Each structure stands twice: as structure tokens, then as C-alpha cells.
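Undergrad: work-v1.cif (mmCIF, C-alpha atoms and all ligand atoms) pasted underneath:
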data_target
loop_
_atom_site.label_atom_id
_atom_site.label_comp_id
_atom_site.auth_asym_id
_atom_site.auth_seq_id
_atom_site.Cartn_x
_atom_site.Cartn_y
_atom_site.Cartn_z
CA MET A 1 103.23 110.33 109.24
CA LYS A 2 105.55 111.72 106.54
CA SER A 3 105.33 115.27 105.27
CA ALA A 4 105.49 116.03 101.53
CA PRO A 5 106.16 119.76 101.25
CA ASP A 6 106.11 119.72 97.44
CA ALA A 7 102.69 118.04 97.19
CA PRO A 8 99.66 120.18 96.32
CA VAL A 9 98.11 121.76 99.41
CA ARG A 10 94.81 119.90 98.90
CA LEU A 11 96.74 116.62 99.25
CA GLN A 12 98.90 117.81 102.14
CA ARG A 13 95.73 118.60 104.06
CA LEU A 14 94.78 114.93 103.90
CA LEU A 15 97.74 113.80 106.02
CA GLY A 16 96.45 112.38 109.27
CA GLN A 17 92.83 112.39 108.13
CA GLY A 18 90.68 109.28 107.64
CA ALA A 19 90.59 107.69 104.19
CA ALA A 20 87.02 108.99 103.88
CA ALA A 21 88.47 112.49 103.39
CA ILE A 22 90.26 111.53 100.14
CA ASP A 23 88.44 113.16 97.24
CA THR A 24 87.74 111.06 94.16
CA PRO A 25 89.10 109.85 91.87
CA ALA A 26 92.44 109.31 93.62
CA LEU A 27 95.16 106.70 93.35
CA VAL A 28 95.51 105.16 96.78
CA VAL A 29 98.11 102.73 98.09
CA ASP A 30 97.35 100.44 101.01
CA LEU A 31 100.78 100.86 102.63
CA ASP A 32 100.42 97.86 104.94
CA ALA A 33 99.66 95.53 102.01
CA MET A 34 102.43 97.11 99.91
CA GLU A 35 104.99 96.63 102.66
CA ARG A 36 103.99 92.99 103.09
CA ASN A 37 104.43 92.47 99.32
CA LEU A 38 107.79 94.25 99.37
CA GLN A 39 109.10 92.11 102.21
CA ARG A 40 107.72 88.84 100.80
CA MET A 41 109.57 89.33 97.52
CA ALA A 42 112.79 90.44 99.23
CA ASP A 43 112.65 87.37 101.50
CA TYR A 44 111.93 85.07 98.55
CA ALA A 45 114.90 86.34 96.52
CA ARG A 46 117.21 86.07 99.53
CA ALA A 47 116.04 82.54 100.34
CA HIS A 48 116.66 81.45 96.74
CA GLY A 49 120.09 83.06 96.45
CA VAL A 50 119.13 85.40 93.58
CA ARG A 51 119.47 89.16 93.35
CA LEU A 52 116.35 91.28 93.21
CA ARG A 53 116.26 94.32 90.91
CA PRO A 54 112.56 95.30 90.85
CA HIS A 55 111.17 97.03 87.79
CA ALA A 56 110.56 100.65 88.80
CA LYS A 57 108.67 101.40 85.58
CA MET A 58 105.73 100.13 87.62
CA HIS A 59 105.74 102.72 90.43
CA LYS A 60 108.10 105.33 88.90
CA SER A 61 109.00 106.50 92.39
CA ALA A 62 112.50 107.14 93.77
CA ASP A 63 111.18 106.79 97.30
CA LEU A 64 109.69 103.33 96.66
CA SER A 65 112.86 102.29 94.78
CA LEU A 66 114.95 103.19 97.81
CA ARG A 67 112.59 101.27 100.12
CA GLN A 68 112.98 98.20 97.90
CA MET A 69 116.76 98.63 98.08
CA GLN A 70 116.65 99.00 101.86
CA ALA A 71 114.90 95.61 101.97
CA GLY A 72 117.69 94.02 99.91
CA ALA A 73 117.19 94.88 96.24
CA VAL A 74 120.52 95.59 94.50
CA GLY A 75 119.01 98.43 92.47
CA VAL A 76 116.08 98.93 90.12
CA CYS A 77 115.25 98.55 86.44
CA VAL A 78 113.63 101.19 84.25
CA GLN A 79 112.71 101.15 80.54
CA LYS A 80 113.42 104.74 79.57
CA THR A 81 116.34 107.16 79.79
CA SER A 82 114.15 109.84 81.34
CA GLU A 83 112.88 107.38 83.95
CA ALA A 84 116.50 106.65 84.88
CA GLU A 85 117.23 110.38 85.10
CA ALA A 86 114.19 111.03 87.30
CA LEU A 87 115.03 108.20 89.72
CA ALA A 88 118.71 109.15 89.84
CA ALA A 89 117.69 112.72 90.68
CA GLY A 90 115.66 111.25 93.55
CA GLY A 91 118.76 109.49 94.95
CA VAL A 92 118.57 105.99 93.42
CA PRO A 93 122.21 104.94 92.89
CA ASP A 94 122.02 101.72 90.86
CA ILE A 95 119.82 101.68 87.76
CA TYR A 96 119.48 99.32 84.81
CA ILE A 97 117.76 100.53 81.63
CA SER A 98 116.49 97.07 80.62
CA ASN A 99 115.78 98.29 77.13
CA GLU A 100 117.55 99.44 73.96
CA VAL A 101 118.45 103.09 73.32
CA ILE A 102 119.48 104.01 69.79
CA ALA A 103 119.26 107.79 69.28
CA PRO A 104 122.73 109.42 69.64
CA ALA A 105 121.29 112.40 71.57
CA LYS A 106 119.67 110.08 74.08
CA LEU A 107 122.85 108.01 74.35
CA GLN A 108 124.67 111.22 75.31
CA ARG A 109 122.22 111.51 78.21
CA VAL A 110 122.83 107.86 79.07
CA ALA A 111 126.59 108.50 79.13
CA THR A 112 126.16 111.61 81.28
CA LEU A 113 124.04 109.66 83.73
CA ALA A 114 126.50 106.74 83.81
CA ARG A 115 129.27 109.18 84.75
CA ALA A 116 127.14 110.92 87.37
CA LEU A 117 126.06 107.68 89.03
CA GLN A 118 129.58 106.25 89.00
CA ALA A 119 130.97 109.47 90.47
CA ARG A 120 128.68 109.02 93.44
CA GLY A 121 129.50 105.33 93.89
CA GLY A 122 126.59 103.92 91.91
CA ARG A 123 126.28 102.61 88.39
CA LEU A 124 124.19 102.45 85.26
CA ALA A 125 123.49 99.48 83.03
CA ILE A 126 121.73 99.19 79.68
CA ALA A 127 120.55 96.54 77.20
CA VAL A 128 121.60 96.16 73.55
CA ASP A 129 120.40 93.91 70.75
CA HIS A 130 122.26 95.16 67.64
CA PRO A 131 125.89 95.91 66.70
CA GLN A 132 124.86 99.43 65.67
CA GLY A 133 123.52 100.00 69.19
CA VAL A 134 126.80 98.79 70.68
CA GLU A 135 128.84 101.15 68.49
CA ALA A 136 126.60 104.14 69.20
CA LEU A 137 126.76 103.46 72.94
CA ALA A 138 130.54 103.10 72.82
CA GLN A 139 130.85 106.37 70.94
CA ALA A 140 128.72 108.19 73.53
CA MET A 141 130.65 106.68 76.45
CA GLY A 142 134.10 107.64 75.10
CA THR A 143 137.47 106.42 76.25
CA GLY A 144 136.78 104.26 79.27
CA GLU A 145 137.26 106.64 82.16
CA TYR A 146 133.70 105.79 83.14
CA LEU A 147 132.00 102.44 82.58
CA ILE A 148 128.56 101.24 81.71
CA ASP A 149 127.35 97.67 82.26
CA VAL A 150 125.88 96.18 79.10
CA PHE A 151 123.41 93.30 78.91
CA ILE A 152 122.72 91.59 75.59
CA GLU A 153 119.01 91.03 75.13
CA LEU A 154 117.98 87.65 73.77
CA ASP A 155 114.43 87.16 72.51
CA VAL A 156 113.19 84.32 74.69
CA GLY A 157 109.70 84.04 73.22
CA GLN A 158 107.96 87.41 73.39
CA GLN A 159 109.08 88.52 69.93
CA ARG A 160 109.69 92.04 71.19
CA CYS A 161 113.30 93.26 71.42
CA GLY A 162 116.34 91.03 71.60
CA VAL A 163 118.53 89.13 69.17
CA ALA A 164 116.54 86.38 67.50
CA GLN A 165 118.88 83.42 68.08
CA PRO A 166 121.20 82.37 70.92
CA ALA A 167 124.08 82.29 68.40
CA ASP A 168 123.51 85.99 67.68
CA VAL A 169 124.63 86.82 71.23
CA LEU A 170 128.28 85.98 70.50
CA PRO A 171 129.09 88.72 67.92
CA LEU A 172 127.53 91.28 70.27
CA ALA A 173 129.56 89.97 73.20
CA GLN A 174 132.71 90.26 71.06
CA ALA A 175 131.79 93.80 70.01
CA ILE A 176 131.19 94.88 73.62
CA ALA A 177 134.50 93.35 74.72
CA ARG A 178 136.35 95.59 72.22
CA HIS A 179 135.24 98.82 73.92
CA PRO A 180 136.99 99.97 77.13
CA ALA A 181 133.96 101.87 78.46
CA LEU A 182 131.56 98.95 78.02
CA ARG A 183 131.54 96.08 80.50
CA LEU A 184 129.85 92.87 79.34
CA ALA A 185 127.51 92.29 82.28
CA GLY A 186 125.44 89.39 80.97
CA LEU A 187 122.18 88.47 79.32
CA GLN A 188 118.75 90.12 79.39
CA ALA A 189 116.12 87.38 79.04
CA TYR A 190 112.57 88.50 79.76
CA ASN A 191 109.40 87.01 78.33
CA GLY A 192 106.55 89.42 79.10
CA SER A 193 103.85 87.34 77.45
CA ALA A 194 104.70 84.35 79.66
CA GLN A 195 103.81 86.39 82.76
CA HIS A 196 100.12 86.42 81.94
CA LEU A 197 99.61 82.84 80.76
CA ARG A 198 96.80 81.78 83.06
CA SER A 199 97.78 78.27 84.10
CA VAL A 200 100.92 77.28 85.97
CA ALA A 201 101.50 74.54 83.38
CA GLU A 202 101.51 77.05 80.51
CA ARG A 203 103.93 79.33 82.34
CA ARG A 204 106.25 76.39 83.11
CA ALA A 205 106.23 75.34 79.44
CA ALA A 206 107.06 78.90 78.33
CA LEU A 207 109.90 79.13 80.86
CA ASP A 208 111.35 75.80 79.71
CA ILE A 209 111.91 77.49 76.34
CA VAL A 210 113.36 80.63 77.97
CA ILE A 211 115.82 78.61 80.04
CA ALA A 212 116.90 76.42 77.11
CA ARG A 213 117.64 79.51 74.98
CA VAL A 214 119.61 81.14 77.78
CA GLN A 215 121.65 77.98 78.34
CA GLU A 216 122.43 77.72 74.65
CA ALA A 217 123.56 81.36 74.44
CA ARG A 218 125.79 80.86 77.45
CA ARG A 219 127.34 77.71 76.02
CA ILE A 220 128.14 79.42 72.71
CA VAL A 221 129.64 82.52 74.35
CA GLU A 222 131.70 80.49 76.83
CA ALA A 223 133.00 78.20 74.08
CA ALA A 224 134.42 81.35 72.43
CA GLY A 225 136.27 82.28 75.64
CA LEU A 226 133.94 85.02 76.86
CA SER A 227 131.46 84.91 79.69
CA LEU A 228 127.99 86.23 80.48
CA PRO A 229 128.36 86.84 84.21
CA LEU A 230 124.68 87.45 85.03
CA VAL A 231 121.37 86.41 83.51
CA THR A 232 118.62 88.88 84.42
CA GLY A 233 114.88 88.80 83.74
CA ALA A 234 111.54 87.59 85.21
CA GLY A 235 108.27 89.28 86.06
CA SER A 236 105.63 88.80 88.71
CA GLY A 237 103.99 85.87 86.89
CA THR A 238 107.00 83.56 86.55
CA PHE A 239 109.79 84.76 88.86
CA GLY A 240 109.67 81.53 90.91
CA LEU A 241 110.61 79.57 87.79
CA GLU A 242 113.55 81.85 86.97
CA ALA A 243 114.66 81.86 90.61
CA ARG A 244 114.82 78.06 90.70
CA SER A 245 116.24 77.64 87.18
CA GLY A 246 119.88 77.64 88.21
CA VAL A 247 120.67 80.02 85.31
CA PHE A 248 119.01 83.30 86.32
CA GLY A 249 120.92 85.36 88.86
CA GLU A 250 118.60 88.37 89.05
CA LEU A 251 114.82 88.95 89.13
CA GLN A 252 113.20 92.04 87.61
CA ALA A 253 109.59 91.62 88.82
CA GLY A 254 107.76 94.90 89.32
CA SER A 255 103.99 94.47 89.61
CA TYR A 256 104.23 92.27 92.73
CA LEU A 257 104.44 95.44 94.82
CA PHE A 258 100.93 96.65 93.88
CA MET A 259 99.30 93.64 92.14
CA ASP A 260 96.68 94.45 89.54
CA ALA A 261 93.41 92.79 88.54
CA ASP A 262 95.01 91.13 85.51
CA TYR A 263 97.68 89.35 87.57
CA ALA A 264 94.93 88.18 89.93
CA ARG A 265 93.46 86.19 86.99
CA ASN A 266 96.57 83.95 86.90
CA GLU A 267 96.29 80.53 88.51
CA ALA A 268 98.39 80.85 91.68
CA ASP A 269 101.72 79.03 91.60
CA PRO A 270 102.17 77.37 95.01
CA ALA A 271 105.94 77.70 94.54
CA GLN A 272 105.70 81.52 94.51
CA PRO A 273 104.64 83.74 97.40
CA ALA A 274 101.18 85.28 97.01
CA PHE A 275 100.83 89.05 96.83
CA GLU A 276 97.97 91.30 97.89
CA HIS A 277 96.27 94.08 95.99
CA ALA A 278 97.80 97.31 97.27
CA LEU A 279 96.80 99.81 94.56
CA PHE A 280 93.28 101.20 94.32
CA VAL A 281 91.45 104.00 92.57
CA LYS A 282 89.11 105.47 95.13
CA SER A 283 85.93 106.38 93.25
CA GLN A 284 82.42 107.58 94.02
CA VAL A 285 79.05 106.49 92.66
CA MET A 286 77.95 109.58 90.73
CA SER A 287 74.88 108.21 88.99
CA VAL A 288 72.47 105.32 89.60
CA SER A 289 69.89 103.68 87.40
CA GLY A 290 67.71 100.59 87.76
CA SER A 291 70.28 98.34 86.11
CA HIS A 292 73.67 99.85 86.90
CA VAL A 293 75.71 102.52 88.67
CA VAL A 294 78.41 104.80 87.33
CA VAL A 295 81.53 105.88 89.22
CA ASP A 296 83.53 109.05 88.61
CA ALA A 297 86.76 107.32 87.49
CA GLY A 298 87.24 106.28 83.87
CA HIS A 299 90.27 105.33 81.86
CA LYS A 300 91.91 108.69 82.50
CA SER A 301 92.23 107.36 86.10
CA HIS A 302 93.03 103.70 85.50
CA ALA A 303 94.45 101.85 82.51
CA ILE A 304 92.18 99.37 80.75
CA ASP A 305 94.64 97.84 78.28
CA SER A 306 94.65 94.63 80.36
CA GLY A 307 90.93 94.63 81.09
CA LEU A 308 88.45 96.59 83.15
CA PRO A 309 89.01 97.11 86.87
CA ARG A 310 87.58 94.88 89.59
CA VAL A 311 85.68 96.34 92.50
CA HIS A 312 87.28 95.57 95.85
CA GLY A 313 85.02 93.61 98.21
CA GLU A 314 81.79 94.16 96.23
CA ALA A 315 79.63 91.87 94.07
CA LEU A 316 79.91 94.33 91.19
CA GLU A 317 81.35 93.93 87.73
CA ALA A 318 82.67 96.67 85.47
CA THR A 319 80.87 96.47 82.14
CA GLY A 320 81.95 99.68 80.45
CA CYS A 321 84.48 102.45 80.76
CA SER A 322 84.97 105.81 79.09
CA ASP A 323 87.23 108.78 79.77
CA GLU A 324 85.72 109.81 83.11
CA HIS A 325 83.18 107.05 83.87
CA THR A 326 83.10 103.36 84.69
CA THR A 327 79.78 101.50 84.58
CA LEU A 328 79.18 98.73 87.12
CA ARG A 329 76.47 96.08 87.38
CA ALA A 330 75.60 93.71 90.22
CA THR A 331 76.91 90.16 89.71
CA ALA A 332 74.86 88.30 92.31
CA GLY A 333 71.48 89.99 92.21
CA THR A 334 72.54 92.05 95.22
CA PRO A 335 71.30 95.66 95.60
CA LEU A 336 73.32 98.28 93.80
CA PRO A 337 75.31 100.77 95.90
CA ALA A 338 73.63 104.09 96.68
CA LEU A 339 74.45 107.41 95.05
CA GLY A 340 77.53 108.89 96.73
CA SER A 341 78.93 105.51 97.90
CA THR A 342 82.69 104.97 97.82
CA LEU A 343 83.98 102.13 95.66
CA TRP A 344 87.60 101.01 95.49
CA LEU A 345 88.62 99.95 91.99
CA ILE A 346 91.48 97.51 91.49
CA PRO A 347 93.09 98.64 88.21
CA GLY A 348 93.49 96.13 85.39
CA HIS A 349 97.16 97.09 84.85
CA CYS A 350 99.19 98.89 87.49
CA ASP A 351 102.09 100.34 85.41
CA PRO A 352 100.08 102.56 83.03
CA THR A 353 97.63 103.40 85.83
CA VAL A 354 100.38 104.88 88.00
CA ASN A 355 101.62 106.86 85.00
CA LEU A 356 98.28 108.72 84.94
CA HIS A 357 98.84 110.22 88.40
CA ASP A 358 101.27 112.69 89.98
CA TRP A 359 100.87 111.43 93.55
CA LEU A 360 100.05 108.21 95.34
CA VAL A 361 98.01 108.70 98.50
CA GLY A 362 99.31 106.23 101.10
CA VAL A 363 96.81 104.90 103.63
CA ARG A 364 97.70 102.93 106.74
CA GLY A 365 95.25 100.86 108.82
CA GLY A 366 93.00 99.70 105.97
CA LEU A 367 90.99 101.40 103.25
CA GLN A 368 87.87 101.83 105.42
CA ALA A 369 89.18 102.53 108.92
CA GLY A 370 92.67 103.76 108.04
CA SER A 371 94.12 107.22 107.65
CA VAL A 372 96.37 109.00 105.20
CA ALA A 373 99.96 108.48 106.33
CA GLU A 374 102.03 109.47 103.28
CA LEU A 375 102.02 111.11 99.90
CA ILE A 376 104.39 109.44 97.43
CA ARG A 377 105.43 111.37 94.35
CA VAL A 378 105.38 109.59 90.98
CA ASP A 379 108.77 111.05 90.05
CA ALA A 380 108.94 109.57 86.56
CA ARG A 381 105.33 110.23 85.63
CA GLY A 382 105.13 110.85 81.89
CA CYS A 383 108.84 110.05 81.39
CA LEU A 384 108.50 108.39 78.02
CA ASP A 385 111.71 109.33 76.21
C1 LIG A 401 112.02 94.04 80.78
C2 LIG A 401 111.02 93.85 81.86
N1 LIG A 401 111.41 93.27 83.02
C3 LIG A 401 110.56 93.09 84.04
C4 LIG A 401 109.24 93.51 83.96
C5 LIG A 401 108.38 93.35 85.19
O1 LIG A 401 107.23 92.64 85.00
P1 LIG A 401 106.01 92.70 86.00
O2 LIG A 401 105.66 94.13 86.25
O3 LIG A 401 104.96 92.01 85.25
O4 LIG A 401 106.45 92.03 87.25
C6 LIG A 401 108.78 94.10 82.77
C7 LIG A 401 107.39 94.52 82.65
O5 LIG A 401 106.81 94.75 81.62
C8 LIG A 401 109.71 94.29 81.70
O6 LIG A 401 109.32 94.85 80.54
#
What's the C-alpha cells form of this structure?
Ligand SMILES: Cc1ncc(COP(=O)(O)O)c(C=O)c1O
TA:
Amino acid sequence: MKSAPDAPVRLQRLLGQGAAAIDTPALVVDLDAMERNLQRMADYARAHGVRLRPHAKMHKSADLSLRQMQAGAVGVCVQKTSEAEALAAGGVPDIYISNEVIAPAKLQRVATLARALQARGGRLAIAVDHPQGVEALAQAMGTGEYLIDVFIELDVGQQRCGVAQPADVLPLAQAIARHPALRLAGLQAYNGSAQHLRSVAERRAALDIVIARVQEARRIVEAAGLSLPLVTGAGSGTFGLEARSGVFGELQAGSYLFMDADYARNEADPAQPAFEHALFVKSQVMSVSGSHVVVDAGHKSHAIDSGLPRVHGEALEATGCSDEHTTLRATAGTPLPALGSTLWLIPGHCDPTVNLHDWLVGVRGGLQAGSVAELIRVDARGCLD
């Protein structure tokens, strides 16, 4: 059992107690399932000769980042400068902001963090997708005493950030090469929408496009005498395809550690390891009626942008959700749970769910029979800038 002296006293009192003692709503991690997920992904990356750099925007925890690194991850990704700062403050040495930063004031913070991490033997990396971003980053970094790794983001189908065409990578690579404090580290190629395509065939087709675009960018850059040493990307829906592509050297999957209800809707790819649900909102039935029950956890407890939660191990379906309530109906004509019953919700989307909570309550030995073994701080909770 691990102590957490900075956790609120009401949470500290739970340590060693049965899971029944956890008041609701609470964000609970099944530590045994999480550790199996963590190890499965680490083993998979090792077996396929690719680096693993899990996306820590999912759990926002320095402690969990370090556990992933202990199992073999080379570092973690984040999306935001403040997330990087929070994880670095918690001891994470190797961080990649897999996202663009444009504001000069924020780039000053990026430069300060790059120096701080390098001074303690670690490093910082960042993504760019515009010459103006390269120049602003170079200006913030200064003369070259300290370095930052820079990945050029290529839009590989999501139509989010990234240069639009493989040929657009070259001028950025040339611009990066001109600055002594910037090291051209490679290509950022992530297609978020491909992760949630339901069939394996659809995901394969989307990844064929990703891989072709990456290969073309590489060919163009290499023909001009530069190189893109590492291609990084992939999420929990497609990482097996990137890992076996022969072009990706690093996987950024994040959700695999907790697995949400939305990912469970994907057709399983037999070429990828399967992951277990490890993140739950413990809730209590607070009202019953003839047709439905209501639990005391609404979308202030769990994100619903990717659909309503599922109910773990029960023939119940969520049919409505408001700030503090979720309405559930029986799916199989089975009796509804009684007033006061505990229900374990599997959130629709783990990343924004975690961001609603300050602490994760870690249970070992199962959700029913287990006990509270750890409290894990969400260090980068609310770190949006
Ligand atoms: C750039 C980037 N890489 C990797 C991931 C990880 O994806 P997932 O959590 O679906 O595994 C995300 C998630 O949105 C992302 O935005």
C-alpha cells in the first residue's frame, strides 16, 4: 500500500479499506487490469522493435508516466506546455509535446523547460507545421547551448494540424536545419479519426494512406540530402498497423492503459493485443422508478463526447446524462438495481474523464472484493495552456 500525504484526508482514510468504502462518485482504477495493459503494450512494442512513447494526456500523471518508462517506454507525449511542465515537475525526464505551440510567451516556457530537462539528462521535443512556428521556436531557444528535438507534423488524414502535403515537409526540414538549437528529429504522423473506425478493414485502409504519405515525405526529404530519423504516431486503435509498417519507429498510444467504452466498440484486431477496462466511475443508485434508475454521476464525473458510459457487468444501458445524473434502463428485461446499489460506469472517453478528477483511487484485488491500495494524483489536471 502506498501513502499519498498530499491527498485529501477523506481519500487517505480509504487506504487499506475495501472498495465498498469509496464514496461516490469517484474515479477508480483497477490496478491489476491497468498493470496487465501496461505490460502487454510494453511487450508488444519490444517484440516489434519499435519505441513506445505513450500519450500521457490520457492519465496526466507523472507517477503513471514513470511506471510506463520503467516498463520500457522511452518517455511520454503530452499535448500542452503546461502538461509538460506538470509532468517534468513530477520527475518525468523525456517529454514530447506532440502538438504545435505558437505564442511567443508559451515558447519561452517551452525553451525554459527544454533547458531544465536537458540539464538533468533528459530532453524535450515538440511538433511544428509552419515556418512561422519554426522561427518563433528558434527565437525562444536562442543560440544552441541547449537543444530541442523538432518533429514536422504531416496531416495523414485527420485534417487537424500538420502540413497538408508530403512535399510541404521539405521547406520545414530545411528551416529547422538552419537553427543550431533545433534538431530535426523526424515526422509526426498521427491520424486520430482512424483510431475509432469500427472495422479492422476500415482502419487498415486508413493506415495505407497514412503510410503512403509518410513514405512520400521521407523520399522527398532524403532526395534533398536531409533525413527524418524517426516517424512517430499511432493510437490505441491502429498501433499494430504502424508497428508493422516498417516506417514508424515510435508508438504514441495512450488510451490502452485504461480502455474506454468507445474503444470497446471497435472490432478487435487479432494482430493487436487486447486490453481490459481499467477505469471506472464508481456510482450509486440514488433514485428508482418503474422504468429506470438514476445514478449520482453525470457528465461532471465522466466525459460523454464519445458516447454515454457502459455499466460494468450489468444488463443496463445508459439512456440519458446530465450534470450530476445518469439514467439507466434494463436491456434484457432483468430487474432494475435497488436504491443504494453500487454501479461501476465505464466512461465513454478516458482522457477528458480523467481531466475532471484530482485523484485516481487505485484498487487491487478486483472492484468487488478488492481494497484501496493507492491514490494517484492527476498532476496535469486542468493543464490546458
Ligand atoms: C497526437 C496524438 N498521439 C497519440 C494519441 C493517443 O491516442 P489514444 O489515446 O487513442 O491511444 C493521441 C490522442 O488523441 C494524439 O492526439
Undergrad: Counting only C-alpha atoms and all ligand atoms, what are the residues, protein, DNA or RNA alike, that approach ligand LIG 401 (chain A) to within 7 Å? I want them as number ranges by chain.
TA: A: 55, 58, 98-99, 190, 192, 195, 233-237, 252-256
Undergrad: Atoms to include: C-alpha atoms. Write the selected residues as an mmCIF file, in the coordinates of the input.
TA:
data_model
loop_
_atom_site.group_PDB
_atom_site.id
_atom_site.type_symbol
_atom_site.label_atom_id
_atom_site.label_comp_id
_atom_site.auth_asym_id
_atom_site.auth_seq_id
_atom_site.Cartn_x
_atom_site.Cartn_y
_atom_site.Cartn_z
ATOM 1 C CA HIS A 55 111.170 97.030 87.790
ATOM 2 C CA MET A 58 105.730 100.130 87.620
ATOM 3 C CA SER A 98 116.490 97.070 80.620
ATOM 4 C CA ASN A 99 115.780 98.290 77.130
ATOM 5 C CA TYR A 190 112.570 88.500 79.760
ATOM 6 C CA GLY A 192 106.550 89.420 79.100
ATOM 7 C CA GLN A 195 103.810 86.390 82.760
ATOM 8 C CA GLY A 233 114.880 88.800 83.740
ATOM 9 C CA ALA A 234 111.540 87.590 85.210
ATOM 10 C CA GLY A 235 108.270 89.280 86.060
ATOM 11 C CA SER A 236 105.630 88.800 88.710
ATOM 12 C CA GLY A 237 103.990 85.870 86.890
ATOM 13 C CA GLN A 252 113.200 92.040 87.610
ATOM 14 C CA ALA A 253 109.590 91.620 88.820
ATOM 15 C CA GLY A 254 107.760 94.900 89.320
ATOM 16 C CA SER A 255 103.990 94.470 89.610
ATOM 17 C CA TYR A 256 104.230 92.270 92.730
#
Undergrad: Could you please determine the separation between atom CA of A:Pro104 and atom CA of A:Ala164 in Å, to one decimal place?
TA: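 Separation between atom CA of A:Pro104 and atom CA of A:Ala164: 24.0 Å.
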Undergrad: Suppose you want the space between atom CA of A:Ser291 and atom CA of A:Ala315; what is it in Å?
TA: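 Result for atom CA of A:Ser291 versus atom CA of A:Ala315: 13.9 Å, one decimal.
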Undergrad: Which value, in Å to one decimal, gives the distance between atom CA of A:Asn37 and atom CA of A:Pro5?
TA: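 That distance, rounded to one decimal, is 27.4 Å.
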Undergrad: Would you list the contacts of stretch 199-202 of chain A as a list of chain:residue names, taking every protein, DNA or RNA residue within 7 Å and counting all atoms listed in the file, but skipping same-chain residues closer than 4 positions in sequence?
TA: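 Skipping anything fewer than 4 positions along the chain leaves A:Ala206, A:Asn266, A:Glu267, A:Asp269.
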